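Novice: Input final-v6.pdb, format and content: PDB, C-alpha atoms and all ligand atoms.
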```pdb
ATOM      1  CA  MET A   1       8.009 -16.050  18.778
ATOM      2  CA  ILE A   2       9.191 -14.990  15.335
ATOM      3  CA  VAL A   3       6.145 -14.353  13.155
ATOM      4  CA  CYS A   4       5.781 -13.590   9.455
ATOM      5  CA  ALA A   5       3.380 -10.675   8.954
ATOM      6  CA  ALA A   6       2.097 -11.623   5.528
ATOM      7  CA  SER A   7       0.724  -8.603   3.703
ATOM      8  CA  ASN A   8       1.760  -6.777   0.561
ATOM      9  CA  ASN A   9      -0.160  -3.710   1.731
ATOM     10  CA  ALA A  10       2.231  -1.272   3.435
ATOM     11  CA  GLY A  11      -0.467   0.327   5.606
ATOM     12  CA  LYS A  12      -1.842  -2.997   6.778
ATOM     13  CA  LEU A  13       1.657  -4.360   7.408
ATOM     14  CA  LYS A  14       2.467  -1.392   9.612
ATOM     15  CA  GLU A  15      -0.600  -2.093  11.747
ATOM     16  CA  LEU A  16       0.020  -5.833  11.945
ATOM     17  CA  ARG A  17       3.622  -5.189  12.909
ATOM     18  CA  ARG A  18       2.849  -2.775  15.714
ATOM     19  CA  ILE A  19       0.073  -4.960  17.126
ATOM     20  CA  LEU A  20       2.181  -8.142  16.978
ATOM     21  CA  GLU A  21       5.158  -6.353  18.539
ATOM     22  CA  ARG A  22       2.916  -5.050  21.303
ATOM     23  CA  MET A  23       1.931  -8.697  21.878
ATOM     24  CA  GLY A  24       5.627  -9.465  22.336
ATOM     25  CA  HIS A  25       6.437 -11.142  19.032
ATOM     26  CA  GLU A  26       9.330 -10.513  16.674
ATOM     27  CA  VAL A  27       7.966  -9.606  13.252
ATOM     28  CA  LYS A  28       9.371 -10.400   9.828
ATOM     29  CA  SER A  29       7.799  -8.803   6.773
ATOM     30  CA  LEU A  30       7.612 -10.476   3.382
ATOM     31  CA  ARG A  31      10.195  -8.029   2.115
ATOM     32  CA  GLU A  32      12.570  -8.837   4.962
ATOM     33  CA  LEU A  33      12.163 -12.520   4.156
ATOM     34  CA  GLY A  34      12.724 -11.945   0.431
ATOM     35  CA  ILE A  35       9.290 -13.342  -0.426
ATOM     36  CA  ASN A  36       7.754 -11.931  -3.569
ATOM     37  CA  LEU A  37       4.375 -13.573  -3.911
ATOM     38  CA  ASP A  38       0.821 -12.372  -4.466
ATOM     39  CA  PRO A  39      -1.527 -15.346  -4.069
ATOM     40  CA  GLU A  40      -4.818 -15.087  -5.915
ATOM     41  CA  GLU A  41      -7.641 -14.295  -3.515
ATOM     42  CA  THR A  42     -10.281 -16.589  -4.954
ATOM     43  CA  GLY A  43     -12.375 -16.967  -1.796
ATOM     44  CA  THR A  44     -15.901 -15.649  -1.421
ATOM     45  CA  THR A  45     -15.420 -14.740   2.250
ATOM     46  CA  PHE A  46     -12.803 -12.770   4.185
ATOM     47  CA  ALA A  47     -11.983 -15.912   6.180
ATOM     48  CA  GLU A  48     -11.349 -18.004   3.065
ATOM     49  CA  ASN A  49      -9.019 -15.391   1.608
ATOM     50  CA  ALA A  50      -7.142 -14.962   4.879
ATOM     51  CA  ARG A  51      -6.542 -18.708   4.937
ATOM     52  CA  ILE A  52      -5.362 -18.780   1.303
ATOM     53  CA  LYS A  53      -2.807 -16.065   2.083
ATOM     54  CA  ALA A  54      -1.686 -17.574   5.397
ATOM     55  CA  GLU A  55      -1.149 -20.952   3.772
ATOM     56  CA  ALA A  56       0.853 -19.590   0.832
ATOM     57  CA  PHE A  57       3.065 -17.331   2.926
ATOM     58  CA  CYS A  58       3.563 -19.868   5.712
ATOM     59  CA  LYS A  59       4.817 -22.367   3.123
ATOM     60  CA  ALA A  60       7.103 -19.750   1.606
ATOM     61  CA  SER A  61       8.488 -18.474   4.925
ATOM     62  CA  GLY A  62       8.553 -21.626   7.038
ATOM     63  CA  LEU A  63       7.490 -19.383   9.936
ATOM     64  CA  PRO A  64       4.295 -19.062  11.957
ATOM     65  CA  THR A  65       2.368 -16.652   9.747
ATOM     66  CA  VAL A  66      -0.342 -14.057  10.249
ATOM     67  CA  ALA A  67      -2.466 -13.035   7.245
ATOM     68  CA  ASP A  68      -5.384 -10.620   7.238
ATOM     69  CA  ASP A  69      -8.151 -10.281   4.704
ATOM     70  CA  SER A  70     -10.271  -7.254   5.248
ATOM     71  CA  GLY A  71     -12.706  -4.889   3.655
ATOM     72  CA  LEU A  72     -15.443  -2.349   3.973
ATOM     73  CA  CYS A  73     -19.104  -3.397   3.800
ATOM     74  CA  THR A  74     -21.704  -0.691   3.273
ATOM     75  CA  ASP A  75     -25.409  -1.005   4.057
ATOM     76  CA  ALA A  76     -26.612   1.094   1.128
ATOM     77  CA  LEU A  77     -24.644  -1.034  -1.359
ATOM     78  CA  HIS A  78     -25.728  -4.333   0.197
ATOM     79  CA  GLY A  79     -22.291  -5.140   1.602
ATOM     80  CA  ALA A  80     -20.152  -3.829  -1.279
ATOM     81  CA  PRO A  81     -17.258  -3.434  -1.791
ATOM     82  CA  GLY A  82     -16.764  -6.276   0.738
ATOM     83  CA  VAL A  83     -14.250  -8.923  -0.369
ATOM     84  CA  TYR A  84     -13.641  -6.827  -3.497
ATOM     85  CA  SER A  85     -12.478  -3.802  -1.473
ATOM     86  CA  ALA A  86      -8.896  -3.845  -2.803
ATOM     87  CA  ARG A  87      -9.998  -3.990  -6.458
ATOM     88  CA  TYR A  88     -13.265  -2.020  -6.209
ATOM     89  CA  ALA A  89     -12.366   0.518  -8.900
ATOM     90  CA  GLY A  90     -10.697  -2.060 -11.141
ATOM     91  CA  HIS A  91      -7.038  -1.642 -10.273
ATOM     92  CA  HIS A  92      -5.813  -3.633  -7.277
ATOM     93  CA  GLY A  93      -4.815  -1.357  -4.422
ATOM     94  CA  ASP A  94      -5.565   2.002  -6.060
ATOM     95  CA  ASP A  95      -6.788   3.688  -2.867
ATOM     96  CA  ASP A  96      -7.646   7.043  -4.471
ATOM     97  CA  ALA A  97      -9.721   5.441  -7.209
ATOM     98  CA  ASN A  98     -11.463   3.142  -4.705
ATOM     99  CA  ASN A  99     -12.371   6.074  -2.451
ATOM    100  CA  ALA A 100     -13.597   8.128  -5.407
ATOM    101  CA  LYS A 101     -15.779   5.261  -6.587
ATOM    102  CA  LEU A 102     -17.268   4.693  -3.138
ATOM    103  CA  LEU A 103     -18.146   8.391  -2.802
ATOM    104  CA  ARG A 104     -19.675   8.332  -6.282
ATOM    105  CA  GLU A 105     -21.772   5.243  -5.556
ATOM    106  CA  LEU A 106     -23.066   6.886  -2.387
ATOM    107  CA  THR A 107     -23.879  10.257  -3.915
ATOM    108  CA  ASP A 108     -27.315  11.337  -2.675
ATOM    109  CA  VAL A 109     -27.402   8.605  -0.034
ATOM    110  CA  PRO A 110     -28.505  10.441   3.124
ATOM    111  CA  GLU A 111     -26.690  10.311   6.445
ATOM    112  CA  GLU A 112     -29.038   7.778   8.037
ATOM    113  CA  GLN A 113     -28.381   5.299   5.218
ATOM    114  CA  ARG A 114     -24.577   5.612   5.230
ATOM    115  CA  GLY A 115     -23.981   2.878   7.796
ATOM    116  CA  ALA A 116     -21.058   0.509   7.170
ATOM    117  CA  LYS A 117     -18.666  -1.843   8.879
ATOM    118  CA  PHE A 118     -15.026  -2.733   8.446
ATOM    119  CA  VAL A 119     -14.255  -6.434   8.738
ATOM    120  CA  SER A 120     -10.948  -8.199   9.318
ATOM    121  CA  ALA A 121     -10.429 -11.940   9.148
ATOM    122  CA  VAL A 122      -7.075 -13.007  10.541
ATOM    123  CA  CYS A 123      -5.568 -16.432  10.000
ATOM    124  CA  PHE A 124      -2.588 -17.530  12.081
ATOM    125  CA  MET A 125      -0.952 -20.592  10.555
ATOM    126  CA  LEU A 126       1.793 -22.848  11.852
ATOM    127  CA  PRO A 127       4.232 -24.620   9.528
ATOM    128  CA  ASN A 128       2.514 -27.914  10.472
ATOM    129  CA  GLY A 129      -0.671 -26.626   8.826
ATOM    130  CA  ARG A 130      -2.718 -25.998  11.963
ATOM    131  CA  ALA A 131      -4.563 -22.701  11.819
ATOM    132  CA  LEU A 132      -6.284 -20.363  14.250
ATOM    133  CA  GLU A 133      -8.894 -18.127  12.645
ATOM    134  CA  VAL A 134     -10.476 -15.043  14.197
ATOM    135  CA  GLU A 135     -12.540 -12.110  12.977
ATOM    136  CA  GLY A 136     -13.096  -8.547  14.107
ATOM    137  CA  GLU A 137     -15.566  -5.862  13.059
ATOM    138  CA  CYS A 138     -15.912  -2.141  13.540
ATOM    139  CA  PRO A 139     -19.249  -0.378  12.913
ATOM    140  CA  GLY A 140     -19.367   3.136  11.533
ATOM    141  CA  ARG A 141     -20.513   5.400   8.724
ATOM    142  CA  ILE A 142     -19.229   6.581   5.361
ATOM    143  CA  ALA A 143     -18.297  10.277   5.235
ATOM    144  CA  PHE A 144     -19.577  12.661   2.537
ATOM    145  CA  THR A 145     -16.066  13.820   1.635
ATOM    146  CA  LEU A 146     -12.522  12.608   2.216
ATOM    147  CA  GLN A 147     -11.485  13.376   5.784
ATOM    148  CA  ASN A 148      -7.737  13.054   5.516
ATOM    149  CA  GLY A 149      -5.583  13.119   8.608
ATOM    150  CA  ASP A 150      -2.031  12.436   9.649
ATOM    151  CA  TYR A 151      -2.516   8.692   9.539
ATOM    152  CA  GLY A 152      -4.191   5.932   7.682
ATOM    153  CA  PHE A 153      -4.346   4.180   4.362
ATOM    154  CA  GLY A 154      -6.939   2.737   2.035
ATOM    155  CA  TYR A 155     -10.510   3.723   2.896
ATOM    156  CA  ASP A 156      -9.488   5.336   6.209
ATOM    157  CA  PRO A 157     -10.370   8.935   5.156
ATOM    158  CA  LEU A 158     -13.958   7.849   4.399
ATOM    159  CA  PHE A 159     -14.706   5.697   7.431
ATOM    160  CA  ILE A 160     -16.106   7.263  10.591
ATOM    161  CA  PRO A 161     -16.130   4.675  13.369
ATOM    162  CA  ASP A 162     -18.968   4.866  15.900
ATOM    163  CA  GLU A 163     -16.421   5.088  18.709
ATOM    164  CA  TYR A 164     -12.704   5.505  19.165
ATOM    165  CA  GLY A 165     -10.152   4.385  21.712
ATOM    166  CA  ALA A 166      -8.696   6.623  24.371
ATOM    167  CA  PRO A 167      -6.185   5.982  27.164
ATOM    168  CA  ASP A 168      -9.041   5.865  29.643
ATOM    169  CA  GLY A 169     -11.293   3.676  27.534
ATOM    170  CA  LYS A 170     -13.539   4.052  24.530
ATOM    171  CA  ARG A 171     -15.830   6.955  23.813
ATOM    172  CA  PRO A 172     -18.509   7.797  21.247
ATOM    173  CA  ASN A 173     -17.057   9.494  18.191
ATOM    174  CA  THR A 174     -19.101  12.677  18.578
ATOM    175  CA  GLU A 175     -16.455  14.712  16.699
ATOM    176  CA  ARG A 176     -17.000  12.376  13.720
ATOM    177  CA  ARG A 177     -13.293  11.774  13.210
ATOM    178  CA  SER A 178     -12.364   9.398  10.408
ATOM    179  CA  TYR A 179     -10.044   6.395  10.846
ATOM    180  CA  ALA A 180      -7.366   8.571   9.187
ATOM    181  CA  GLN A 181      -7.763  11.186  11.903
ATOM    182  CA  LEU A 182      -7.203   8.767  14.791
ATOM    183  CA  THR A 183      -3.768   8.116  16.256
ATOM    184  CA  PRO A 184      -2.444   4.559  15.812
ATOM    185  CA  ASP A 185      -3.366   3.742  19.422
ATOM    186  CA  GLU A 186      -6.851   5.182  19.022
ATOM    187  CA  LYS A 187      -7.434   3.168  15.860
ATOM    188  CA  ASP A 188      -6.015  -0.123  17.175
ATOM    189  CA  ALA A 189      -8.217   0.080  20.272
ATOM    190  CA  ILE A 190     -11.441  -0.093  18.236
ATOM    191  CA  SER A 191     -10.517  -1.117  14.684
ATOM    192  CA  HIS A 192     -11.640  -4.299  12.929
ATOM    193  CA  ARG A 193      -7.997  -5.423  12.814
ATOM    194  CA  GLY A 194      -7.316  -4.443  16.408
ATOM    195  CA  ARG A 195     -10.335  -6.430  17.545
ATOM    196  CA  ALA A 196      -9.414  -9.495  15.479
ATOM    197  CA  MET A 197      -5.878  -9.387  16.857
ATOM    198  CA  GLU A 198      -7.229  -9.003  20.386
ATOM    199  CA  LYS A 199      -9.094 -12.284  19.900
ATOM    200  CA  LEU A 200      -5.989 -13.899  18.442
ATOM    201  CA  GLU A 201      -3.994 -12.855  21.482
ATOM    202  CA  ALA A 202      -6.646 -14.274  23.802
ATOM    203  CA  GLU A 203      -6.925 -17.608  21.981
ATOM    204  CA  LEU A 204      -3.268 -18.151  21.084
ATOM    205  CA  PRO A 205      -2.047 -19.690  24.370
ATOM    206  CA  ALA A 206      -4.681 -22.459  24.291
ATOM    207  CA  PHE A 207      -4.100 -23.020  20.568
ATOM    208  CA  LEU A 208      -0.356 -23.426  21.045
ATOM    209  CA  GLY A 209      -1.035 -25.703  24.033
TER     210      GLY A 209
HETATM  211  O1  LIG B 301      -3.891  -9.003   0.610
HETATM  212  P1  LIG B 301      -2.813  -8.174   1.218
HETATM  213  O2  LIG B 301      -1.451  -8.453   0.652
HETATM  214  O3  LIG B 301      -2.801  -8.235   2.719
HETATM  215  O4  LIG B 301      -3.101  -6.616   0.865
HETATM  216  P2  LIG B 301      -4.468  -6.019   0.242
HETATM  217  O5  LIG B 301      -4.338  -4.556   0.212
HETATM  218  O6  LIG B 301      -4.775  -6.721  -1.048
HETATM  219  O7  LIG B 301      -5.530  -6.405   1.355
HETATM  220  P3  LIG B 301      -6.942  -7.121   1.189
HETATM  221  O8  LIG B 301      -6.896  -8.123   0.118
HETATM  222  O9  LIG B 301      -7.330  -7.595   2.561
HETATM  223  O10 LIG B 301      -7.910  -5.937   0.748
HETATM  224  C1  LIG B 301      -8.363  -5.054   1.734
HETATM  225  C2  LIG B 301      -8.793  -3.735   1.121
HETATM  226  O11 LIG B 301      -9.446  -2.967   2.133
HETATM  227  C3  LIG B 301      -8.635  -1.875   2.521
HETATM  228  N1  LIG B 301      -8.476  -1.883   3.983
HETATM  229  C4  LIG B 301      -8.301  -2.948   4.806
HETATM  230  N2  LIG B 301      -8.125  -2.573   6.066
HETATM  231  C5  LIG B 301      -8.174  -1.231   6.066
HETATM  232  C6  LIG B 301      -8.043  -0.236   7.058
HETATM  233  O12 LIG B 301      -7.772  -0.543   8.323
HETATM  234  N3  LIG B 301      -8.150   1.027   6.694
HETATM  235  C7  LIG B 301      -8.399   1.375   5.417
HETATM  236  N4  LIG B 301      -8.524   0.510   4.411
HETATM  237  C8  LIG B 301      -8.411  -0.782   4.730
HETATM  238  C9  LIG B 301      -7.265  -2.080   1.893
HETATM  239  O13 LIG B 301      -6.637  -0.850   1.571
HETATM  240  C10 LIG B 301      -7.596  -2.887   0.663
HETATM  241  O14 LIG B 301      -8.013  -2.055  -0.396
HETATM  242 MG    MG B 302      -5.206  -8.697  -1.102
END
```
Go through the file and emit its structure as structure tokens.
Specialist:
Amino acid sequence: MIVCAASNNAGKLKELRRILERMGHEVKSLRELGINLDPEETGTTFAENARIKAEAFCKASGLPTVADDSGLCTDALHGAPGVYSARYAGHHGDDDANNAKLLRELTDVPEEQRGAKFVSAVCFMLPNGRALEVEGECPGRIAFTLQNGDYGFGYDPLFIPDEYGAPDGKRPNTERRSYAQLTPDEKDAISHRGRAMEKLEAELPAFLG
């Protein structure tokens, strides 16, 4: 089916597009549809915000729409930045400032207290208003310095997942590679978004009836 991948974040859009295309769908981005909209994310949960975005963009596009609301929750900061991940350092979507602030907040926090998880809530909405909501999580740790790689966006250089995907399955991340140092396939196999989309794929046939 033709699906609107509703994100204004270029890195997230790229992931949604490749996962949806792998599922066999034809993807239209907001830009391709000429939609210039940034709905206010007033929810207190990832799921609420995903629904707000799916609803707004589904109305605007008239297409089945996938929206994702995601973020990084750290143990030492009691779940922060959480739903405020995009605007953690004050300016929406300033990845460098967000990463710098997270490192600063975790200065002196020892390895064993640097646990965290990435969360993705995905809302798939049909033009008739029916919605399918799923969520995925990925456990990991926050690095002590930026671990940049060839890939990634946002907090990727600071997030070390507990495991990563490989052609022959998943394995413990003993090399402590960051999300940014995983290939797209390796990230999708274990990421919060990959896992949410896996659930969407599994539940979609029954939902569509
Ligand atoms: O709302 P949309 O338009 O989709 O774009 P956004 O960037 O505002 O997205 P969110 O509201 O969901 O905020 C999520 C924040 O968490 C970051 N983030 C989400 N998934 C990520 C991932 O897989 N890797 C790194 N950072 C991620 C992202 O860069 C944002 O700062
Ligand atoms: Mg947003």
Novice: For the PyMOL selection byres (((chain A and resi 94-97) around 12) and not hetatm), applied here, can you spell out every residue it catches as JSON, numbers by chain?
Specialist: {"A": [9, 11, 85, 86, 87, 88, 89, 90, 91, 92, 93, 98, 99, 100, 101, 102, 103, 104, 146, 148, 152, 153, 154, 155, 156, 157, 158]}
Novice: Please evaluate the PyMOL selection byres (((chain A and resi 58) around 12) and not hetatm) against the structure above and give the resulting residues as a count of residues only.
Specialist: 38
Novice: Name all residues at most 12 Å from Asp162 in chain A (count only C-alpha atoms; drop same-chain ones fewer than 5 positions away) and give them as a list in words.
Specialist: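 Here the qualifying residues turn out to be Gly115, Ala116, Lys117, Phe118, Glu137, Cys138, Pro139, Gly140, Arg141, Ile142, Ala143, Lys170, Arg171, Pro172, Asn173, Thr174, Glu175, Arg176, Arg177, Ser178, Tyr179, Lys187, Ile190 and Ser191 of chain A.
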Novice: Those same residues, written as an mmCIF file, in the frame of the given file with C-alpha atoms?
Specialist:
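Output file again.cif follows:
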```cif
data_model
loop_
_atom_site.group_PDB
_atom_site.id
_atom_site.type_symbol
_atom_site.label_atom_id
_atom_site.label_comp_id
_atom_site.auth_asym_id
_atom_site.auth_seq_id
_atom_site.Cartn_x
_atom_site.Cartn_y
_atom_site.Cartn_z
ATOM 1 C CA GLY A 115 -23.981 2.878 7.796
ATOM 2 C CA ALA A 116 -21.058 0.509 7.170
ATOM 3 C CA LYS A 117 -18.666 -1.843 8.879
ATOM 4 C CA PHE A 118 -15.026 -2.733 8.446
ATOM 5 C CA GLU A 137 -15.566 -5.862 13.059
ATOM 6 C CA CYS A 138 -15.912 -2.141 13.540
ATOM 7 C CA PRO A 139 -19.249 -0.378 12.913
ATOM 8 C CA GLY A 140 -19.367 3.136 11.533
ATOM 9 C CA ARG A 141 -20.513 5.400 8.724
ATOM 10 C CA ILE A 142 -19.229 6.581 5.361
ATOM 11 C CA ALA A 143 -18.297 10.277 5.235
ATOM 12 C CA LYS A 170 -13.539 4.052 24.530
ATOM 13 C CA ARG A 171 -15.830 6.955 23.813
ATOM 14 C CA PRO A 172 -18.509 7.797 21.247
ATOM 15 C CA ASN A 173 -17.057 9.494 18.191
ATOM 16 C CA THR A 174 -19.101 12.677 18.578
ATOM 17 C CA GLU A 175 -16.455 14.712 16.699
ATOM 18 C CA ARG A 176 -17.000 12.376 13.720
ATOM 19 C CA ARG A 177 -13.293 11.774 13.210
ATOM 20 C CA SER A 178 -12.364 9.398 10.408
ATOM 21 C CA TYR A 179 -10.044 6.395 10.846
ATOM 22 C CA LYS A 187 -7.434 3.168 15.860
ATOM 23 C CA ILE A 190 -11.441 -0.093 18.236
ATOM 24 C CA SER A 191 -10.517 -1.117 14.684
#
```
Novice: Applying the PyMOL selection byres (((chain A and resi 121) around 10) and not hetatm) to the file I just gave you, which residues come out? Please list them as a list in words.
Specialist: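 Going through the file, the PyMOL selection byres (((chain A and resi 121) around 10) and not hetatm) ends up selecting Thr45, Phe46, Ala47, Glu48, Asn49, Ala50, Arg51, Ala67, Asp68, Asp69, Ser70, Gly71, Val119, Ser120, Val122, Cys123, Glu133, Val134, Glu135, Gly136, Glu137, His192, Arg193, Ala196 and Met197 of chain A.
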Novice: Just the residues within 9 Å of range 106-109 of chain A, please, counting all atoms listed in the file, with nothing from its chain fewer than 6 positions along; format it as a list in words.
Specialist: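 Everything that qualifies: Ala76, Leu77, Ile142 and Phe144 of chain A.
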Novice: Which residue, A:Asn36, A:Thr44, A:Leu132, A:Ala180, has the smallest gap to Gln147 in chain A when you use only C-alpha atoms?
Specialist: A:Ala180
Novice: Please determine, counting all atoms listed in the file, which residue among A:Glu201, A:Glu112, A:Glu163, A:Asp38 has the shortest atom-to-atom distance to ligand MG 302 (chain B).
Specialist: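 Going through A:Glu201, A:Glu112, A:Glu163, A:Asp38 one by one, the smallest distance to ligand MG 302 (chain B) is for A:Asp38.
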Novice: Considering only C-alpha atoms and all ligand atoms, can you say which of A:Glu21, A:Glu32, A:Glu41, A:Glu15 comes closest to ligand MG 302 (chain B)?
Specialist: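 Ranked by minimum distance to ligand MG 302 (chain B), first place goes to A:Glu41.
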Novice: From the options A:Glu203, A:Glu111, A:Asp188, A:Asp168, which residue's atoms come nearest to ligand LIG 301 (chain B), counting all atoms listed in the file?
Specialist: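 Result for the nearest residue to ligand LIG 301 (chain B): A:Asp188.
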Novice: Measuring between all atoms listed in the file, which one of A:Glu40, A:Glu105, A:Glu198, A:Glu26 shows the shortest distance to ligand MG 302 (chain B)?
Specialist: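 When distances to ligand MG 302 (chain B) are compared using all atoms listed in the file, the smallest one comes from A:Glu40.
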Novice: Could you please determine the separation between atom O5 of ligand LIG 301 (chain B) and CA of Pro81 in chain A in Å, to one decimal place?
Specialist: 13.1 Å
Novice: Could you work out how far CA of Gly24 in chain A lies from CA of Ile160 in chain A, giving the answer in Å with one decimal?
Specialist: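 Going from CA of Ile160 in chain A over to CA of Gly24 in chain A, I get 29.8 Å.
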Novice: Could you jot down the CA of Leu182 in chain A to atom C2 of ligand LIG 301 (chain B) separation for me, Å, one decimal place?
Specialist: 18.6 Å
Novice: Can you fill out range 17-28 of chain A with N, CA and C atoms and hand it back as a PDB file, keeping the file's coordinate frame?
Specialist:
```
ATOM      1  N   ARG A  17       2.332  -5.183  12.226  1.00  0.00           N
ATOM      2  CA  ARG A  17       3.622  -5.189  12.909  1.00  0.00           C
ATOM      3  C   ARG A  17       3.511  -4.584  14.313  1.00  0.00           C
ATOM      4  N   ARG A  18       2.870  -3.411  14.392  1.00  0.00           N
ATOM      5  CA  ARG A  18       2.849  -2.775  15.714  1.00  0.00           C
ATOM      6  C   ARG A  18       1.989  -3.561  16.702  1.00  0.00           C
ATOM      7  N   ILE A  19       0.924  -4.190  16.216  1.00  0.00           N
ATOM      8  CA  ILE A  19       0.073  -4.960  17.126  1.00  0.00           C
ATOM      9  C   ILE A  19       0.811  -6.229  17.572  1.00  0.00           C
ATOM     10  N   LEU A  20       1.453  -6.910  16.628  1.00  0.00           N
ATOM     11  CA  LEU A  20       2.181  -8.142  16.978  1.00  0.00           C
ATOM     12  C   LEU A  20       3.358  -7.837  17.902  1.00  0.00           C
ATOM     13  N   GLU A  21       4.029  -6.713  17.665  1.00  0.00           N
ATOM     14  CA  GLU A  21       5.158  -6.353  18.539  1.00  0.00           C
ATOM     15  C   GLU A  21       4.654  -6.017  19.944  1.00  0.00           C
ATOM     16  N   ARG A  22       3.506  -5.347  19.996  1.00  0.00           N
ATOM     17  CA  ARG A  22       2.916  -5.050  21.303  1.00  0.00           C
ATOM     18  C   ARG A  22       2.584  -6.349  22.035  1.00  0.00           C
ATOM     19  N   MET A  23       2.228  -7.396  21.275  1.00  0.00           N
ATOM     20  CA  MET A  23       1.931  -8.697  21.878  1.00  0.00           C
ATOM     21  C   MET A  23       3.210  -9.435  22.289  1.00  0.00           C
ATOM     22  N   GLY A  24       4.366  -8.867  21.913  1.00  0.00           N
ATOM     23  CA  GLY A  24       5.627  -9.465  22.336  1.00  0.00           C
ATOM     24  C   GLY A  24       6.311 -10.344  21.308  1.00  0.00           C
ATOM     25  N   HIS A  25       5.833 -10.302  20.064  1.00  0.00           N
ATOM     26  CA  HIS A  25       6.437 -11.142  19.032  1.00  0.00           C
ATOM     27  C   HIS A  25       7.479 -10.370  18.227  1.00  0.00           C
ATOM     28  N   GLU A  26       8.381 -11.121  17.605  1.00  0.00           N
ATOM     29  CA  GLU A  26       9.330 -10.513  16.674  1.00  0.00           C
ATOM     30  C   GLU A  26       8.743 -10.683  15.279  1.00  0.00           C
ATOM     31  N   VAL A  27       8.680  -9.595  14.531  1.00  0.00           N
ATOM     32  CA  VAL A  27       7.966  -9.606  13.252  1.00  0.00           C
ATOM     33  C   VAL A  27       8.914  -9.572  12.065  1.00  0.00           C
ATOM     34  N   LYS A  28       8.652 -10.432  11.103  1.00  0.00           N
ATOM     35  CA  LYS A  28       9.371 -10.400   9.828  1.00  0.00           C
ATOM     36  C   LYS A  28       8.359 -10.092   8.727  1.00  0.00           C
TER      37      LYS A  28
END
```
